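Quick look at protein.csv (CSV, N, CA and C atoms):
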chain,number,residue,atom,x,y,z
A,158,MET,N,-141.1,-8.7,47.6
A,158,MET,CA,-141.8,-9.3,48.7
A,158,MET,C,-142.6,-8.1,49.4
A,159,ASN,N,-143.8,-8.3,49.6
A,159,ASN,CA,-144.6,-7.2,50.3
A,159,ASN,C,-144.4,-7.2,51.8
A,160,SER,N,-144.8,-6.2,52.4
A,160,SER,CA,-144.5,-6.0,53.9
A,160,SER,C,-145.3,-7.0,54.7
A,161,ASN,N,-146.5,-7.5,54.2
A,161,ASN,CA,-147.2,-8.5,55.0
A,161,ASN,C,-146.5,-9.8,55.0
A,162,THR,N,-145.9,-10.2,53.9
A,162,THR,CA,-145.1,-11.4,53.8
A,162,THR,C,-143.9,-11.3,54.7
A,163,LYS,N,-143.2,-10.1,54.7
A,163,LYS,CA,-142.0,-9.9,55.6
A,163,LYS,C,-142.4,-10.0,57.0
A,164,ASN,N,-143.5,-9.4,57.4
A,164,ASN,CA,-144.0,-9.4,58.8
A,164,ASN,C,-144.4,-10.8,59.2
A,165,THR,N,-145.0,-11.6,58.3
A,165,THR,CA,-145.4,-12.9,58.6
A,165,THR,C,-144.2,-13.8,58.8
A,166,GLN,N,-143.2,-13.6,58.0
A,166,GLN,CA,-141.9,-14.4,58.1
A,166,GLN,C,-141.2,-14.1,59.3
A,167,ILE,N,-141.1,-12.8,59.7
A,167,ILE,CA,-140.4,-12.4,60.9
A,167,ILE,C,-141.1,-13.0,62.1
A,168,LYS,N,-142.4,-13.0,62.1
A,168,LYS,CA,-143.1,-13.5,63.3
A,168,LYS,C,-142.9,-15.1,63.3
A,169,THR,N,-142.9,-15.7,62.2
A,169,THR,CA,-142.7,-17.2,62.2
A,169,THR,C,-141.3,-17.5,62.7
A,170,ILE,N,-140.3,-16.8,62.3
A,170,ILE,CA,-138.9,-17.0,62.8
A,170,ILE,C,-138.9,-16.7,64.3
A,171,PHE,N,-139.4,-15.6,64.7
A,171,PHE,CA,-139.4,-15.2,66.1
A,171,PHE,C,-140.0,-16.3,67.0
A,172,HIS,N,-141.2,-16.8,66.6
A,172,HIS,CA,-141.9,-17.8,67.4
A,172,HIS,C,-141.2,-19.1,67.3
A,173,TYR,N,-140.6,-19.5,66.2
A,173,TYR,CA,-139.9,-20.8,66.2
A,173,TYR,C,-138.7,-20.7,67.1
A,174,LEU,N,-138.0,-19.6,67.1
A,174,LEU,CA,-136.8,-19.4,68.0
A,174,LEU,C,-137.1,-19.2,69.4
A,175,GLN,N,-138.4,-19.0,69.8
A,175,GLN,CA,-138.8,-18.9,71.2
A,175,GLN,C,-138.6,-20.3,71.9
A,176,ASN,N,-138.6,-21.4,71.1
A,176,ASN,CA,-138.6,-22.7,71.7
A,176,ASN,C,-137.3,-23.5,71.2
A,177,HIS,N,-136.5,-22.9,70.4
A,177,HIS,CA,-135.4,-23.6,69.8
A,177,HIS,C,-134.1,-22.7,69.8
A,178,ILE,N,-133.0,-23.4,69.8
A,178,ILE,CA,-131.7,-22.7,69.5
A,178,ILE,C,-131.2,-23.4,68.2
A,179,ALA,N,-131.1,-22.6,67.2
A,179,ALA,CA,-130.8,-23.2,65.9
A,179,ALA,C,-130.0,-22.2,65.0
A,180,THR,N,-129.4,-22.8,63.9
A,180,THR,CA,-128.8,-21.9,62.9
A,180,THR,C,-129.8,-21.5,61.9
A,181,ALA,N,-129.4,-20.5,61.1
A,181,ALA,CA,-130.3,-20.0,60.1
A,181,ALA,C,-130.7,-21.1,59.1
A,182,SER,N,-129.8,-22.0,58.8
A,182,SER,CA,-130.1,-23.1,57.9
A,182,SER,C,-131.1,-24.0,58.5
A,183,MET,N,-131.0,-24.3,59.8
A,183,MET,CA,-131.9,-25.1,60.5
A,183,MET,C,-133.3,-24.5,60.6
A,184,VAL,N,-133.4,-23.2,60.9
A,184,VAL,CA,-134.6,-22.5,60.9
A,184,VAL,C,-135.3,-22.5,59.5
A,185,SER,N,-134.5,-22.4,58.5
A,185,SER,CA,-135.0,-22.4,57.1
A,185,SER,C,-135.7,-23.8,56.8
A,186,THR,N,-135.0,-24.8,57.2
A,186,THR,CA,-135.6,-26.2,57.0
A,186,THR,C,-136.9,-26.4,57.8
A,187,ALA,N,-136.9,-25.9,59.0
A,187,ALA,CA,-138.1,-26.0,59.9
A,187,ALA,C,-139.2,-25.2,59.5
A,188,THR,N,-139.0,-24.0,58.9
A,188,THR,CA,-140.1,-23.1,58.6
A,188,THR,C,-140.4,-22.9,57.2
A,189,GLY,N,-139.5,-23.3,56.3
A,189,GLY,CA,-139.7,-23.2,54.9
A,189,GLY,C,-139.4,-21.8,54.3
A,190,ILE,N,-138.8,-20.9,55.2
A,190,ILE,CA,-138.4,-19.6,54.8
A,190,ILE,C,-137.0,-19.6,54.3
A,191,HIS,N,-136.8,-19.0,53.2
A,191,HIS,CA,-135.4,-19.0,52.6
A,191,HIS,C,-134.4,-18.5,53.5
A,192,GLN,N,-133.2,-19.2,53.5
A,192,GLN,CA,-132.1,-18.9,54.5
A,192,GLN,C,-131.7,-17.4,54.3
A,193,LYS,N,-131.6,-16.9,53.1
A,193,LYS,CA,-131.2,-15.5,52.9
A,193,LYS,C,-132.1,-14.5,53.6
A,194,ASN,N,-133.4,-14.8,53.6
A,194,ASN,CA,-134.4,-14.0,54.3
A,194,ASN,C,-134.2,-14.1,55.8
A,195,ILE,N,-133.9,-15.3,56.3
A,195,ILE,CA,-133.7,-15.4,57.7
A,195,ILE,C,-132.5,-14.6,58.1
A,196,THR,N,-131.4,-14.6,57.3
A,196,THR,CA,-130.2,-13.9,57.7
A,196,THR,C,-130.5,-12.4,57.7
A,197,ARG,N,-131.3,-11.9,56.8
A,197,ARG,CA,-131.7,-10.5,56.8
A,197,ARG,C,-132.6,-10.1,58.0
A,198,TYR,N,-133.5,-11.0,58.3
A,198,TYR,CA,-134.4,-10.7,59.5
A,198,TYR,C,-133.7,-10.9,60.8
A,199,LYS,N,-132.7,-11.8,60.8
A,199,LYS,CA,-131.8,-12.0,62.0
A,199,LYS,C,-131.2,-10.6,62.4
A,200,ARG,N,-130.7,-9.9,61.5
A,200,ARG,CA,-130.1,-8.6,61.8
A,200,ARG,C,-131.1,-7.6,62.3
A,201,ASP,N,-132.3,-7.6,61.7
A,201,ASP,CA,-133.4,-6.7,62.2
A,201,ASP,C,-133.7,-7.0,63.7
A,202,LEU,N,-133.9,-8.3,63.9
A,202,LEU,CA,-134.3,-8.7,65.3
A,202,LEU,C,-133.2,-8.5,66.3
A,203,GLU,N,-131.9,-8.7,65.9
A,203,GLU,CA,-130.8,-8.4,66.8
A,203,GLU,C,-130.7,-6.9,67.1
A,204,GLN,N,-130.9,-6.0,66.1
A,204,GLN,CA,-130.9,-4.6,66.4
A,204,GLN,C,-132.0,-4.1,67.3
A,205,ARG,N,-133.1,-4.9,67.3
A,205,ARG,CA,-134.2,-4.5,68.2
A,205,ARG,C,-134.1,-5.2,69.6
A,206,GLY,N,-133.0,-6.0,69.8
A,206,GLY,CA,-132.8,-6.6,71.0
A,206,GLY,C,-133.6,-7.8,71.3
A,207,LEU,N,-134.1,-8.5,70.2
A,207,LEU,CA,-135.0,-9.6,70.3
A,207,LEU,C,-134.4,-10.9,69.9
A,208,LEU,N,-133.2,-10.9,69.4
A,208,LEU,CA,-132.5,-12.2,69.0
A,208,LEU,C,-131.1,-12.2,69.5
A,209,TYR,N,-130.7,-13.4,70.0
A,209,TYR,CA,-129.4,-13.5,70.6
A,209,TYR,C,-128.6,-14.6,69.9
A,210,GLU,N,-127.3,-14.4,69.7
A,210,GLU,CA,-126.4,-15.4,69.2
A,210,GLU,C,-125.9,-16.1,70.5
A,211,VAL,N,-126.1,-17.4,70.5
A,211,VAL,CA,-125.8,-18.3,71.7
A,211,VAL,C,-124.4,-18.8,71.6
A,212,GLU,N,-124.1,-19.4,70.5
A,212,GLU,CA,-122.7,-19.9,70.3
A,212,GLU,C,-122.4,-20.2,68.9
A,213,ARG,N,-121.2,-20.2,68.5
A,213,ARG,CA,-120.8,-20.5,67.1
A,213,ARG,C,-120.1,-21.9,67.1
A,214,LYS,N,-120.7,-22.8,66.4
A,214,LYS,CA,-120.2,-24.1,66.3
A,214,LYS,C,-120.7,-24.8,65.0
A,215,LEU,N,-120.3,-26.0,64.7
A,215,LEU,CA,-120.8,-26.7,63.5
A,215,LEU,C,-122.3,-26.8,63.5
A,216,CYS,N,-122.9,-26.4,62.4
A,216,CYS,CA,-124.3,-26.6,62.2
A,216,CYS,C,-124.6,-28.1,62.0
A,217,LYS,N,-125.6,-28.6,62.7
A,217,LYS,CA,-126.0,-30.0,62.6
A,217,LYS,C,-126.5,-30.3,61.2
A,218,LEU,N,-127.0,-29.3,60.5
A,218,LEU,CA,-127.5,-29.6,59.2
A,218,LEU,C,-126.5,-29.5,58.0
A,219,THR,N,-125.7,-28.4,58.1
A,219,THR,CA,-124.7,-28.2,57.0
A,219,THR,C,-123.3,-28.7,57.2
A,220,GLY,N,-123.0,-28.8,58.5
A,220,GLY,CA,-121.6,-29.2,58.9
A,220,GLY,C,-120.6,-28.0,58.9
A,221,PHE,N,-121.1,-26.8,58.5
A,221,PHE,CA,-120.2,-25.6,58.5
A,221,PHE,C,-120.4,-24.9,59.9
A,222,LYS,N,-119.4,-24.1,60.2
A,222,LYS,CA,-119.5,-23.3,61.4
A,222,LYS,C,-120.5,-22.2,61.2
A,223,ALA,N,-121.4,-22.0,62.2
A,223,ALA,CA,-122.5,-21.0,62.1
A,223,ALA,C,-122.9,-20.6,63.5
A,224,TRP,N,-123.6,-19.5,63.6
A,224,TRP,CA,-124.1,-19.1,64.9
A,224,TRP,C,-125.4,-19.8,65.2
A,225,TYR,N,-125.6,-20.3,66.4
A,225,TYR,CA,-126.8,-20.8,66.9
A,225,TYR,C,-127.5,-19.6,67.6
A,226,ILE,N,-128.8,-19.4,67.2
A,226,ILE,CA,-129.5,-18.2,67.6
A,226,ILE,C,-130.8,-18.6,68.3
A,227,THR,N,-131.3,-17.7,69.1
A,227,THR,CA,-132.6,-17.9,69.7
A,227,THR,C,-133.3,-16.5,70.0
A,228,THR,N,-134.6,-16.5,70.1
A,228,THR,CA,-135.3,-15.2,70.5
A,228,THR,C,-135.7,-15.3,72.0
A,229,ASN,N,-135.4,-16.5,72.6
A,229,ASN,CA,-135.9,-16.7,74.0
A,229,ASN,C,-134.7,-16.3,74.9
A,230,LYS,N,-134.9,-15.2,75.6
A,230,LYS,CA,-133.8,-14.7,76.5
A,230,LYS,C,-133.4,-15.8,77.6
A,231,LYS,N,-134.4,-16.5,78.0
A,231,LYS,CA,-134.1,-17.6,79.0
A,231,LYS,C,-133.2,-18.6,78.5
A,232,LEU,N,-133.4,-19.0,77.2
A,232,LEU,CA,-132.5,-20.0,76.6
A,232,LEU,C,-131.1,-19.4,76.4
A,233,PHE,N,-131.1,-18.2,76.0
A,233,PHE,CA,-129.8,-17.5,75.8
A,233,PHE,C,-129.0,-17.4,77.1
A,234,ILE,N,-129.7,-17.0,78.2
A,234,ILE,CA,-129.0,-16.9,79.5
A,234,ILE,C,-128.6,-18.2,80.0
A,235,SER,N,-129.4,-19.2,80.0
A,235,SER,CA,-129.1,-20.5,80.5
A,235,SER,C,-127.9,-21.2,79.7
A,236,LYS,N,-127.9,-21.0,78.4
A,236,LYS,CA,-126.9,-21.6,77.6
A,236,LYS,C,-125.6,-20.8,77.8
A,237,SER,N,-125.7,-19.5,77.9
A,237,SER,CA,-124.5,-18.6,78.2
A,237,SER,C,-123.8,-19.0,79.5
A,238,ASN,N,-124.6,-19.2,80.5
A,238,ASN,CA,-124.1,-19.5,81.8
A,238,ASN,C,-123.5,-20.9,81.9
A,239,SER,N,-124.0,-21.8,81.1
A,239,SER,CA,-123.4,-23.1,81.1
A,239,SER,C,-122.1,-23.2,80.4
A,240,ASN,N,-121.7,-22.2,79.6
A,240,ASN,CA,-120.4,-22.1,78.9
A,240,ASN,C,-119.3,-21.5,79.8
A,241,GLU,N,-119.7,-21.0,80.9
A,241,GLU,CA,-118.7,-20.3,81.8
A,241,GLU,C,-118.0,-21.3,82.6

When written as structure tokens, how does the structure in this file appear?
Amino acid sequence: MNSNTKNTQIKTIFHYLQNHIATASMVSTATGIHQKNITRYKRDLEQRGLLYEVERKLCKLTGFKAWYITTNKKLFISKSNSNE
């Protein structure tokens, strides 16, 4: 995969997660980006402080436990506060 494809995919994931809290599988279905790529980019975005793990629960798509993630700090903060 070339760097343009990688950058485009990261931007797509980032923008999708600005308005959604979803698992990697859910993001994959919504964007068409392979789940393995999303998992790789998730780590990159986390290390840059741009992605937040909101809560770990059953994925609505797969039925397996997974992290729900977002890149929208407001969604992260409001969801985190509602869990307290």

Between atom N of A:Asn176 and atom C of A:Ala223, distance in Å (one decimal):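 Computing it gives 17.5 Å between the two atoms.
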
Members of stretch 183-231 of chain A assigned alpha helix (DSSP H) by DSSP, as a list in words: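 Listing alpha helix (DSSP H) positions across stretch 183-231 of chain A yields Met183, Val184, Ser185, Thr186, Ala187, Thr188, Gln192, Lys193, Asn194, Ile195, Thr196, Arg197, Tyr198, Lys199, Arg200, Asp201, Leu202, Glu203, Gln204, Lys230 and Lys231 of chain A.
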
Rounded to one decimal in Å, what is the spacing between atom CA of A:Tyr198 and atom CA of A:Ile167?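 Computed distance, atom CA of A:Tyr198 to atom CA of A:Ile167, equals 6.4 Å.
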
Can you pull out the residues contacting A:Arg200? Cut-off 12 Å, using only C-alpha atoms, and skip same-chain residues under 6 positions away; I want them as a PyMOL selection string. chain A and resi 167+181+193-194+206-210+226

Let me make sure I understand: among A:Ala179, A:Ile170, A:Ile195, A:Leu202, which one has the smallest atom-to-atom distance to A:Lys214 if we use only C-alpha atoms?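 Distance minimum relative to A:Lys214 lands on A:Ala179.
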
Interatomic distance between atom N of A:Ser160 and atom N of A:His191?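 Computed distance, atom N of A:Ser160 to atom N of A:His191, equals 15.1 Å.
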